[in-house]
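**Q** What follows is the file data08.tsv, containing TSV, C-alpha atoms and all ligand atoms:
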chain	number	residue	atom	x	y	z
Y	125	MET	CA	25.92	19.63	174.02
Y	126	ARG	CA	25.49	17.42	170.97
Y	127	ALA	CA	22.05	16.35	169.77
Y	128	GLU	CA	20.98	13.41	167.67
Y	129	ARG	CA	18.27	15.53	166.15
Y	130	ILE	CA	17.23	19.17	166.28
Y	131	PHE	CA	13.93	20.68	165.24
Y	132	THR	CA	14.68	24.22	164.14
Y	133	ASN	CA	12.75	27.23	162.86
Y	134	ALA	CA	9.79	26.40	165.07
Y	135	ARG	CA	7.34	28.17	167.32
Y	136	LEU	CA	6.95	26.35	170.61
Y	137	ALA	CA	4.10	25.95	173.05
Y	138	THR	CA	6.32	24.36	175.69
Y	139	MET	CA	3.70	24.10	178.50
Y	140	ASP	CA	6.71	24.75	180.78
Y	141	PRO	CA	5.27	25.44	184.25
Y	142	ALA	CA	8.03	28.00	184.83
Y	143	LEU	CA	6.64	30.12	181.99
Y	144	PRO	CA	3.22	31.82	181.85
Y	145	GLY	CA	0.32	30.41	179.82
Y	146	LEU	CA	1.34	27.97	177.13
Y	147	GLY	CA	5.03	28.74	177.61
Y	148	VAL	CA	5.35	30.16	174.12
Y	149	VAL	CA	8.77	30.60	172.48
Y	150	GLU	CA	8.35	32.36	169.13
Y	151	ARG	CA	11.74	31.66	167.55
Y	152	GLY	CA	12.38	28.31	169.08
Y	153	MET	CA	13.98	24.91	168.69
Y	154	VAL	CA	13.95	21.47	170.29
Y	155	ALA	CA	17.01	19.25	170.60
Y	156	GLU	CA	16.81	15.51	171.22
Y	157	ALA	CA	19.20	12.76	172.24
Y	158	ALA	CA	18.34	9.16	173.15
Y	159	GLY	CA	14.62	9.87	172.97
Y	160	ARG	CA	14.75	12.71	175.48
Y	161	ILE	CA	14.54	16.46	175.03
Y	162	ILE	CA	17.93	17.90	175.93
Y	163	TYR	CA	16.99	21.48	175.08
Y	164	ALA	CA	13.79	23.34	174.23
Y	165	GLY	CA	13.76	27.12	173.99
Y	166	ALA	CA	15.08	30.05	172.02
Y	167	ALA	CA	17.01	29.15	168.88
Y	168	ARG	CA	20.75	28.71	169.45
Y	169	ALA	CA	23.63	26.82	167.89
Y	170	ILE	CA	23.58	23.13	168.79
Y	171	GLU	CA	25.48	20.49	166.85
Y	172	ALA	CA	23.31	17.65	165.65
Y	173	ASP	CA	23.39	14.54	163.48
Y	174	GLU	CA	20.07	15.45	161.88
Y	175	ILE	CA	18.33	18.77	161.35
Y	176	VAL	CA	14.56	18.99	160.87
Y	177	ASP	CA	13.52	22.40	159.53
Y	178	CYS	CA	9.99	23.08	160.83
Y	179	GLU	CA	9.53	26.05	158.46
Y	180	GLY	CA	7.86	28.18	161.10
Y	181	ARG	CA	5.36	25.54	162.22
Y	182	TRP	CA	4.20	25.19	165.82
Y	183	ILE	CA	5.43	22.39	168.07
Y	184	THR	CA	3.46	21.25	171.10
Y	185	PRO	CA	4.19	18.26	173.31
Y	186	GLY	CA	2.66	15.10	171.86
Y	187	LEU	CA	-0.95	15.16	173.04
Y	188	ILE	CA	-2.16	13.03	175.96
Y	189	ASP	CA	-5.58	11.36	176.06
Y	190	CYS	CA	-5.82	10.70	179.81
Y	191	HIS	CA	-9.17	8.85	179.97
Y	192	THR	CA	-10.14	6.16	177.46
Y	193	HIS	CA	-11.94	2.83	177.47
Y	194	LEU	CA	-10.12	1.71	174.34
Y	195	VAL	CA	-10.37	-2.05	174.93
Y	196	TYR	CA	-13.84	-3.49	174.37
Y	197	ALA	CA	-15.70	-5.71	171.94
Y	198	GLY	CA	-18.86	-4.98	170.02
Y	199	ASP	CA	-20.59	-1.64	169.75
Y	200	ARG	CA	-23.65	0.05	171.14
Y	201	ALA	CA	-25.17	1.43	167.95
Y	202	ALA	CA	-28.51	-0.24	168.76
Y	203	GLU	CA	-28.50	1.44	172.17
Y	204	PHE	CA	-27.77	4.74	170.43
Y	205	GLU	CA	-30.83	4.22	168.26
Y	206	ALA	CA	-32.94	3.31	171.29
Y	207	ARG	CA	-31.84	6.52	173.00
Y	208	LEU	CA	-32.82	8.48	169.89
Y	209	GLN	CA	-36.28	6.93	170.35
Y	210	GLY	CA	-36.39	8.24	173.91
Y	211	ALA	CA	-34.82	5.50	176.08
Y	212	GLY	CA	-32.61	6.82	178.90
Y	213	TYR	CA	-28.98	5.81	179.56
Y	214	GLU	CA	-29.72	4.82	183.16
Y	215	GLU	CA	-32.90	2.98	182.12
Y	216	ILE	CA	-30.94	0.92	179.57
Y	217	ALA	CA	-28.27	0.17	182.19
Y	218	ARG	CA	-30.82	-0.98	184.78
Y	219	ALA	CA	-32.37	-3.29	182.17
Y	220	GLY	CA	-29.02	-5.10	181.77
Y	221	GLY	CA	-27.81	-3.23	178.67
Y	222	GLY	CA	-25.18	-0.50	178.62
Y	223	ILE	CA	-21.95	-1.49	180.35
Y	224	LEU	CA	-23.22	-5.07	180.87
Y	225	GLY	CA	-23.93	-5.43	177.15
Y	226	THR	CA	-20.34	-4.51	176.38
Y	227	MET	CA	-19.19	-6.79	179.21
Y	228	ARG	CA	-20.83	-9.81	177.56
Y	229	ALA	CA	-19.20	-9.07	174.19
Y	230	THR	CA	-15.82	-8.37	175.80
Y	231	ARG	CA	-15.84	-11.57	177.87
Y	232	ALA	CA	-16.56	-13.58	174.74
Y	233	ALA	CA	-13.83	-11.94	172.65
Y	234	ARG	CA	-10.36	-13.36	172.11
Y	235	ALA	CA	-7.43	-11.20	173.22
Y	236	GLU	CA	-6.11	-10.89	169.68
Y	237	ASP	CA	-9.47	-9.63	168.42
Y	238	LEU	CA	-9.71	-7.13	171.27
Y	239	ARG	CA	-6.22	-5.95	170.42
Y	240	ALA	CA	-6.95	-5.57	166.70
Y	241	ALA	CA	-10.08	-3.50	167.43
Y	242	ALA	CA	-8.24	-1.37	169.99
Y	243	LYS	CA	-5.43	-0.78	167.49
Y	244	ARG	CA	-7.87	0.61	164.93
Y	245	ARG	CA	-9.38	2.99	167.48
Y	246	MET	CA	-5.96	4.03	168.66
Y	247	ALA	CA	-4.90	4.86	165.11
Y	248	ALA	CA	-7.50	7.64	165.04
Y	249	LEU	CA	-5.99	9.22	168.16
Y	250	VAL	CA	-2.43	8.77	166.94
Y	251	ALA	CA	-3.29	10.49	163.64
Y	252	GLU	CA	-3.99	13.65	165.63
Y	253	GLY	CA	-0.63	13.75	167.38
Y	254	VAL	CA	-1.55	11.78	170.51
Y	255	THR	CA	1.55	10.09	171.97
Y	256	THR	CA	0.33	9.06	175.45
Y	257	ILE	CA	-2.96	7.24	176.11
Y	258	GLU	CA	-4.56	6.06	179.31
Y	259	VAL	CA	-6.44	2.81	178.74
Y	260	LYS	CA	-8.93	1.40	181.23
Y	261	SER	CA	-10.23	-2.11	181.65
Y	262	GLY	CA	-13.75	-2.32	183.09
Y	263	TYR	CA	-15.72	-4.32	180.54
Y	264	GLY	CA	-14.58	-7.70	181.84
Y	265	LEU	CA	-15.80	-7.58	185.45
Y	266	SER	CA	-14.33	-11.02	186.21
Y	267	PRO	CA	-10.72	-11.78	187.13
Y	268	GLU	CA	-10.00	-13.56	183.86
Y	269	ALA	CA	-11.66	-11.00	181.59
Y	270	GLU	CA	-10.23	-7.97	183.41
Y	271	TYR	CA	-6.67	-9.36	183.27
Y	272	LYS	CA	-7.16	-10.16	179.59
Y	273	CYS	CA	-8.13	-6.53	178.86
Y	274	LEU	CA	-5.23	-5.14	180.90
Y	275	GLU	CA	-2.79	-7.37	179.01
Y	276	VAL	CA	-4.25	-6.10	175.74
Y	277	ALA	CA	-3.90	-2.51	176.99
Y	278	LYS	CA	-0.21	-3.07	177.80
Y	279	SER	CA	0.38	-4.61	174.38
Y	280	LEU	CA	-0.63	-1.32	172.72
Y	281	GLY	CA	2.60	0.26	173.94
Y	282	ASP	CA	4.33	-0.32	170.63
Y	283	ALA	CA	2.76	2.81	169.10
Y	284	ALA	CA	2.25	5.22	172.03
Y	285	ASP	CA	2.98	5.48	175.75
Y	286	ILE	CA	0.23	3.56	177.53
Y	287	SER	CA	-0.91	4.11	181.12
Y	288	SER	CA	-3.20	1.25	182.07
Y	289	THR	CA	-5.91	1.56	184.67
Y	290	PHE	CA	-7.80	-1.25	186.40
Y	291	LEU	CA	-11.45	-0.16	186.26
Y	292	GLY	CA	-12.72	-3.24	188.07
Y	293	ALA	CA	-15.34	-1.15	189.85
Y	294	HIS	CA	-17.13	-0.11	186.66
Y	295	GLY	CA	-20.25	-2.24	187.22
Y	296	PHE	CA	-21.47	-5.35	188.98
Y	297	PRO	CA	-21.25	-8.71	187.22
Y	298	PRO	CA	-24.67	-10.36	187.22
Y	299	GLU	CA	-23.38	-13.73	188.45
Y	300	MET	CA	-22.69	-12.69	192.06
Y	301	ALA	CA	-23.95	-10.56	194.93
Y	302	ARG	CA	-22.64	-6.99	195.15
Y	303	ALA	CA	-20.79	-7.53	198.43
Y	304	ASP	CA	-19.12	-10.64	197.02
Y	305	TYR	CA	-17.82	-8.70	194.01
Y	306	VAL	CA	-16.46	-5.91	196.20
Y	307	ARG	CA	-14.67	-8.57	198.25
Y	308	LEU	CA	-13.33	-10.23	195.09
Y	309	LEU	CA	-12.02	-6.88	193.87
Y	310	CYS	CA	-10.29	-6.08	197.14
Y	311	GLU	CA	-8.99	-9.49	198.15
Y	312	GLU	CA	-8.13	-11.12	194.84
Y	313	MET	CA	-8.12	-8.80	191.85
Y	314	ILE	CA	-6.28	-5.77	193.26
Y	315	PRO	CA	-3.50	-7.92	194.77
Y	316	HIS	CA	-3.13	-9.76	191.43
Y	317	VAL	CA	-3.10	-6.57	189.35
Y	318	ALA	CA	-0.51	-5.01	191.65
Y	319	ALA	CA	1.70	-8.11	191.85
Y	320	HIS	CA	1.74	-8.58	188.08
Y	321	LYS	CA	2.06	-4.84	187.38
Y	322	LEU	CA	-0.99	-4.99	185.12
Y	323	ALA	CA	-2.02	-1.41	185.90
Y	324	ASP	CA	-0.66	1.89	187.15
Y	325	ALA	CA	-3.85	2.92	188.93
Y	326	VAL	CA	-7.40	1.79	189.71
Y	327	ASP	CA	-10.67	3.48	188.83
Y	328	GLY	CA	-14.32	3.15	189.78
Y	329	PHE	CA	-17.71	4.41	188.70
Y	330	CYS	CA	-19.42	6.05	191.67
Y	331	GLU	CA	-23.05	6.47	190.67
Y	332	GLY	CA	-26.59	5.34	191.44
Y	333	ILE	CA	-26.39	2.78	188.61
Y	334	ALA	CA	-22.94	1.59	189.66
Y	335	PHE	CA	-20.89	1.68	192.89
Y	336	SER	CA	-21.95	3.56	196.01
Y	337	PRO	CA	-19.37	5.66	197.91
Y	338	GLU	CA	-19.47	2.95	200.63
Y	339	GLU	CA	-18.45	0.35	198.04
Y	340	ILE	CA	-15.76	2.54	196.46
Y	341	ALA	CA	-14.06	3.28	199.80
Y	342	PRO	CA	-12.82	-0.28	200.55
Y	343	PHE	CA	-11.80	-0.68	196.89
Y	344	PHE	CA	-9.66	2.47	197.13
Y	345	ALA	CA	-8.29	1.42	200.50
Y	346	ALA	CA	-7.19	-1.95	199.07
Y	347	ALA	CA	-5.61	-0.24	196.04
Y	348	THR	CA	-3.69	2.13	198.29
Y	349	ARG	CA	-2.44	-0.76	200.43
Y	350	HIS	CA	-1.10	-2.38	197.27
Y	351	GLY	CA	0.66	0.74	196.06
Y	352	LEU	CA	-1.79	1.66	193.30
Y	353	ARG	CA	-2.98	5.24	192.79
Y	354	VAL	CA	-6.70	5.87	192.42
Y	355	LYS	CA	-8.98	7.67	189.96
Y	356	LEU	CA	-12.78	7.98	189.98
Y	357	HIS	CA	-15.70	8.48	187.58
Y	358	ALA	CA	-17.38	10.96	189.90
Y	359	ASP	CA	-20.57	13.01	189.97
Y	360	GLN	CA	-21.41	12.36	186.31
Y	361	LEU	CA	-25.18	11.87	186.59
Y	362	SER	CA	-25.79	12.89	190.22
Y	363	ASN	CA	-23.87	14.20	193.22
Y	364	LEU	CA	-22.90	11.34	195.51
Y	365	GLY	CA	-19.91	13.27	196.82
Y	366	GLY	CA	-17.56	11.45	194.45
Y	367	ALA	CA	-15.11	14.31	194.03
Y	368	ALA	CA	-14.60	14.64	197.77
Y	369	LEU	CA	-14.29	10.85	198.11
Y	370	ALA	CA	-11.61	10.79	195.42
Y	371	ALA	CA	-9.79	13.67	197.11
Y	372	LYS	CA	-9.90	11.86	200.46
Y	373	PHE	CA	-7.90	9.03	198.90
Y	374	GLY	CA	-5.45	11.43	197.23
Y	375	ALA	CA	-6.76	10.52	193.78
Y	376	LEU	CA	-4.72	11.43	190.74
Y	377	SER	CA	-7.93	12.55	189.08
Y	378	ALA	CA	-11.68	12.72	189.41
Y	379	ASP	CA	-13.42	12.57	186.07
Y	380	HIS	CA	-16.73	13.84	184.56
Y	381	LEU	CA	-17.76	16.02	187.58
Y	382	GLU	CA	-20.87	17.63	186.10
Y	383	TYR	CA	-22.65	17.47	189.49
Y	384	THR	CA	-19.64	18.28	191.70
Y	385	SER	CA	-20.28	20.91	194.38
Y	386	GLU	CA	-17.95	23.76	195.27
Y	387	ASP	CA	-16.94	21.86	198.42
Y	388	GLY	CA	-15.95	18.94	196.18
Y	389	ALA	CA	-13.84	21.27	194.06
Y	390	ALA	CA	-12.16	22.70	197.16
Y	391	ALA	CA	-11.38	19.19	198.43
Y	392	MET	CA	-9.84	18.31	195.06
Y	393	ALA	CA	-7.67	21.43	195.19
Y	394	ARG	CA	-6.34	20.51	198.63
Y	395	ALA	CA	-5.51	16.98	197.45
Y	396	GLY	CA	-3.98	18.07	194.14
Y	397	THR	CA	-6.55	15.91	192.31
Y	398	VAL	CA	-6.89	16.82	188.63
Y	399	ALA	CA	-10.39	17.46	187.21
Y	400	VAL	CA	-10.71	15.47	183.98
Y	401	LEU	CA	-13.53	16.97	181.88
Y	402	LEU	CA	-15.23	14.72	179.34
Y	403	PRO	CA	-17.38	16.78	176.99
Y	404	GLY	CA	-17.98	13.84	174.62
Y	405	ALA	CA	-20.05	12.03	177.27
Y	406	PHE	CA	-21.84	15.28	178.17
Y	407	PHE	CA	-22.70	15.74	174.49
Y	408	THR	CA	-23.74	12.14	173.81
Y	409	LEU	CA	-26.01	11.95	176.87
Y	410	ARG	CA	-27.42	15.40	176.09
Y	411	GLU	CA	-26.55	16.52	179.60
Y	412	LYS	CA	-27.67	19.93	180.78
Y	413	GLN	CA	-25.67	20.23	183.99
Y	414	LEU	CA	-22.29	21.87	183.33
Y	415	PRO	CA	-19.22	20.94	185.39
Y	416	PRO	CA	-18.29	23.66	187.91
Y	417	VAL	CA	-15.46	25.14	185.86
Y	418	GLU	CA	-15.61	28.48	187.71
Y	419	ALA	CA	-15.15	26.68	191.06
Y	420	PHE	CA	-12.19	24.72	189.66
Y	421	ARG	CA	-10.58	27.99	188.56
Y	422	LYS	CA	-11.30	29.71	191.85
Y	423	HIS	CA	-9.76	26.91	193.91
Y	424	GLY	CA	-6.87	26.28	191.54
Y	425	VAL	CA	-7.86	22.76	190.47
Y	426	ARG	CA	-5.96	21.73	187.34
Y	427	MET	CA	-8.31	20.73	184.52
Y	428	ALA	CA	-7.64	18.11	181.85
Y	429	VAL	CA	-9.71	17.29	178.77
Y	430	SER	CA	-10.13	13.81	177.34
Y	431	THR	CA	-12.19	11.84	174.85
Y	432	ASP	CA	-13.57	9.23	177.31
Y	433	LEU	CA	-13.52	7.05	174.19
Y	434	ASN	CA	-16.01	4.26	174.95
Y	435	PRO	CA	-18.81	2.44	173.12
Y	436	GLY	CA	-21.68	3.81	175.20
Y	437	THR	CA	-21.50	7.39	176.41
Y	438	SER	CA	-18.68	8.75	174.28
Y	439	PRO	CA	-17.94	7.12	170.92
Y	440	LEU	CA	-15.49	9.97	170.32
Y	441	PHE	CA	-12.19	9.25	168.57
Y	442	SER	CA	-10.82	12.79	168.35
Y	443	LEU	CA	-8.97	14.65	171.09
Y	444	LEU	CA	-9.02	17.80	168.93
Y	445	LEU	CA	-12.82	17.62	168.86
Y	446	ALA	CA	-12.86	16.99	172.63
Y	447	MET	CA	-11.00	20.29	173.05
Y	448	ASN	CA	-13.45	22.09	170.77
Y	449	MET	CA	-16.34	20.68	172.81
Y	450	ALA	CA	-14.69	21.65	176.10
Y	451	ALA	CA	-14.34	25.20	174.84
Y	452	THR	CA	-17.77	25.53	173.27
Y	453	GLN	CA	-19.83	23.56	175.80
Y	454	PHE	CA	-17.85	24.08	179.03
Y	455	ARG	CA	-16.41	27.54	178.20
Y	456	LEU	CA	-12.80	26.51	178.74
Y	457	THR	CA	-10.26	28.91	177.29
Y	458	VAL	CA	-7.89	27.85	174.52
Y	459	GLU	CA	-5.09	27.84	177.07
Y	460	GLU	CA	-7.07	25.62	179.45
Y	461	CYS	CA	-7.89	23.21	176.63
Y	462	LEU	CA	-4.29	22.91	175.49
Y	463	LEU	CA	-2.90	22.50	179.01
Y	464	GLY	CA	-5.72	19.98	179.47
Y	465	VAL	CA	-4.36	17.67	176.77
Y	466	THR	CA	-0.70	18.13	177.73
Y	467	ARG	CA	0.71	19.06	181.14
Y	468	HIS	CA	-2.49	18.68	183.13
Y	469	ALA	CA	-3.38	15.43	181.38
Y	470	ALA	CA	0.08	14.15	182.38
Y	471	ALA	CA	-0.67	15.13	185.98
Y	472	ALA	CA	-3.92	13.12	185.80
Y	473	LEU	CA	-1.68	10.11	185.07
Y	474	GLY	CA	0.88	10.97	187.75
Y	475	ARG	CA	3.51	11.67	185.10
Y	476	SER	CA	5.86	14.61	184.65
Y	477	ASP	CA	8.04	13.20	181.85
Y	478	VAL	CA	5.42	13.87	179.16
Y	479	GLY	CA	3.15	16.80	178.31
Y	480	VAL	CA	5.90	19.43	178.37
Y	481	LEU	CA	8.75	20.53	176.13
Y	482	THR	CA	11.46	20.84	178.76
Y	483	ALA	CA	14.89	19.27	179.15
Y	484	GLY	CA	14.59	15.73	180.51
Y	485	ALA	CA	11.10	15.08	179.18
Y	486	LYS	CA	10.47	12.39	176.58
Y	487	CYS	CA	10.81	13.70	173.06
Y	488	HIS	CA	7.15	13.27	172.12
Y	489	LEU	CA	6.23	16.09	169.75
Y	490	ALA	CA	3.31	17.19	167.63
Y	491	ILE	CA	4.26	19.53	164.78
Y	492	TRP	CA	1.30	21.50	163.46
Y	493	ASP	CA	0.48	23.36	160.27
Y	494	ILE	CA	-1.13	26.28	162.07
Y	495	GLU	CA	-0.53	30.00	162.58
Y	496	ARG	CA	-1.75	30.17	166.17
Y	497	PRO	CA	-2.50	27.63	168.94
Y	498	ALA	CA	-6.22	28.54	168.99
Y	499	GLU	CA	-6.55	26.76	165.63
Y	500	LEU	CA	-6.13	23.42	167.43
Y	501	VAL	CA	-9.32	24.13	169.36
Y	502	TYR	CA	-11.56	26.03	167.02
Y	503	ARG	CA	-11.98	23.83	163.95
Y	504	ILE	CA	-14.46	20.94	163.96
Y	505	GLY	CA	-13.35	17.82	162.15
Y	506	PHE	CA	-10.09	19.07	160.64
Y	507	ASN	CA	-6.67	17.73	161.49
Y	508	PRO	CA	-3.72	20.11	160.98
Y	509	LEU	CA	-1.04	17.67	162.17
Y	510	HIS	CA	2.13	17.88	160.08
Y	511	GLN	CA	4.24	15.31	161.92
Y	512	ARG	CA	4.15	13.25	165.09
Y	513	ILE	CA	7.34	12.30	166.87
Y	514	TRP	CA	6.99	9.48	169.37
Y	515	SER	CA	10.22	8.37	171.01
Y	516	ALA	CA	9.63	4.81	172.21
Y	517	ALA	CA	12.01	3.85	175.06
W	1	LIG	O1	-16.87	7.15	181.27
W	1	LIG	N1	-19.35	6.52	183.31
W	1	LIG	C1	-19.03	5.35	183.22
W	1	LIG	N2	-18.30	4.77	182.32
W	1	LIG	C2	-18.11	5.21	180.99
W	1	LIG	C3	-19.14	4.74	180.06
W	1	LIG	C4	-19.55	3.38	180.26
W	1	LIG	C5	-20.41	2.83	179.18
W	1	LIG	O2	-21.57	3.26	179.06
W	1	LIG	O3	-19.92	1.92	178.51
W	1	LIG	C6	-17.95	6.70	180.92
W	1	LIG	O4	-18.86	7.45	180.54
W	2	FE	FE	-15.02	6.90	181.34
Let's see the structure in the file written out as structure tokens.
Ligand code: NIG
Ligand code: FE
**A**
Amino acid sequence: MRAERIFTNARLATMDPALPGLGVVERGMVAEAAGRIIYAGAARAIEADEIVDCEGRWITPGLIDCHTHLVYAGDRAAEFEARLQGAGYEEIARAGGGILGTMRATRAARAEDLRAAAKRRMAALVAEGVTTIEVKSGYGLSPEAEYKCLEVAKSLGDAADISSTFLGAHGFPPEMARADYVRLLCEEMIPHVAAHKLADAVDGFCEGIAFSPEEIAPFFAAATRHGLRVKLHADQLSNLGGAALAAKFGALSADHLEYTSEDGAAAMARAGTVAVLLPGAFFTLREKQLPPVEAFRKHGVRMAVSTDLNPGTSPLFSLLLAMNMAATQFRLTVEECLLGVTRHAAAALGRSDVGVLTAGAKCHLAIWDIERPAELVYRIGFNPLHQRIWSAA
């Protein structure tokens, strides 16, 4: 074996599913060739063109933010102030603000301006060792504006791996009847998105202020017919049975889940659907209802943690802080948090080539100035990243 580059004198949290916990290797090394890991494990002699001495630092897989709404125009600072004065999120949404406010700004924005704004937001994630980002559309809500946002999402792939998700079912555009929009989604937009490979999956918002389960079902059925996987914003503000609905369609993930019942958790386990926990939205909306973490553990549902970066419910630009919030607010363990931004986040995107340090995976690494993995979770507002390795190709 000959490597292009080896990272020696390192402690590894490999996240290798064949090893317990974080898959720790104390005296470890990673070897890379052509952008792929060709060896990760105990130190051994491997010839290489370049040697990077990690001086005892920890290496984790490059982090994965598996749920973001990175592409949007404008901001919702005024809405934030209104909520501080007592206005409710759902009340603002019903009055035509919230998602529809961002929709108006996003429709009016030029693609290059959307891209420039998204780039700035992305830089904050990248600075913390994030190498894979899921990016949703969902603030266009018309064919033209949704495709524009998905094109912008794809164009961000020059600085991280991007998984793009068509969140056409995020809200209802005011210019047409609900049933007409559902038909437009199923008969025109999904076929177009699939044919032009604009997205890897679709997503919806199943909630009283958004889509009903009866409206999500045909949307998911159309996506499945066109070879797109599905994801769902489920049970965030109330229990409409979103988790079970997602599971029924073999969803990659169901996200939020504060109001999910134990039956919903069991259905997710049977379907292999990942639970994506979003403590930034929980915090911002001052939620009280905790997601059923104990039920996810009991049934063996994999949990991921993400920023939910968006202008309304989660203006959070730090995956490290998302982990801290998941631990402090949701009582996740350090191990659950770290698996939640690596291997389990990859599973929420249907990927197995990222989120682990194992032979064959992409050589996306985060090298940290820390003494123990818990440090990545426990500090608030401190970034111990030493170096980020993102292997394009
Ligand atoms: O993930 N829940 C729905 N969608 C987003 C927020 C939408 C918004 O308010 O802009 C979320 O929380
Ligand atoms: Fe979201």
**Q** Need the shell around Ala277 in chain Y: protein/DNA/RNA residues with any atom at most 12 Å away, counting only C-alpha atoms. Skip same-chain ones fewer than 4 positions apart. Format as an MDAnalysis selection string?
**A** chainID Y and resid 192:196 235:236 238:243 246 257:262 270:273 281:290 322:324
**Q** Could you build a table of the residues in range 429-478 of chain Y lying no more than 8 Å from range 141-165 of chain Y, giving for each the nearest pair of atoms and their separation in Å rounded to one decimal place, using all atoms listed in the file, ordered by chain and ascending residue number, as a Markdown table?
**A**
| residue | atom | partner | partner_atom | distance |
| --- | --- | --- | --- | --- |
| Y:Glu459 | CA | Y:Leu146 | CA | 6.4 |
| Y:Leu462 | CA | Y:Leu146 | CA | 7.7 |
| Y:Leu463 | CA | Y:Leu146 | CA | 7.2 |
**Q** Check every protein, DNA and RNA residue against ligand LIG 1 (chain W), keep those with an atom at most 7 Å away (counting all atoms listed in the file), and present them as a list in words.
**A**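 Here is the list of contacting residues: Gly222, Ile223, Thr226, His294, Phe329, His357, Gln360, Ala405, Asp432, Asn434, Pro435, Gly436, Thr437 and Ser438 of chain Y.
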**Q** For Leu433 in chain Y, which of Y:Asp189, Y:Leu265, Y:Leu473, Y:Arg455 is the closest residue, counting all atoms listed in the file?
**A**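 Of Y:Asp189, Y:Leu265, Y:Leu473, Y:Arg455, the one nearest Leu433 in chain Y, counting all atoms listed in the file, is Y:Asp189.
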**Q** To one decimal place, how far is CA of Ala472 in chain Y from CA of Met139 in chain Y in Å?
**A**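 According to the coordinates, CA of Ala472 in chain Y and CA of Met139 in chain Y are separated by 15.2 Å.
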**Q** Env of range 372-377 of chain Y: 9 Å cut, atoms = only C-alpha atoms, seq-sep filter 5 positions within chain, self excluded. Answer as an MDAnalysis selection string.
**A** chainID Y and resid 325 341 344:345 348 353:357 367 391:392 395:400 471:474
**Q** Determine the nearest neighbour of Leu401 in chain Y from the options Y:Leu361, Y:Ala419, Y:Cys190, Y:Ala269, counting only C-alpha atoms.
**A** Y:Cys190
**Q** So how far away is CA of Ile130 in chain Y from CA of Ala167 in chain Y, in Å?
**A**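 Interatomic distance here is 10.3 Å.
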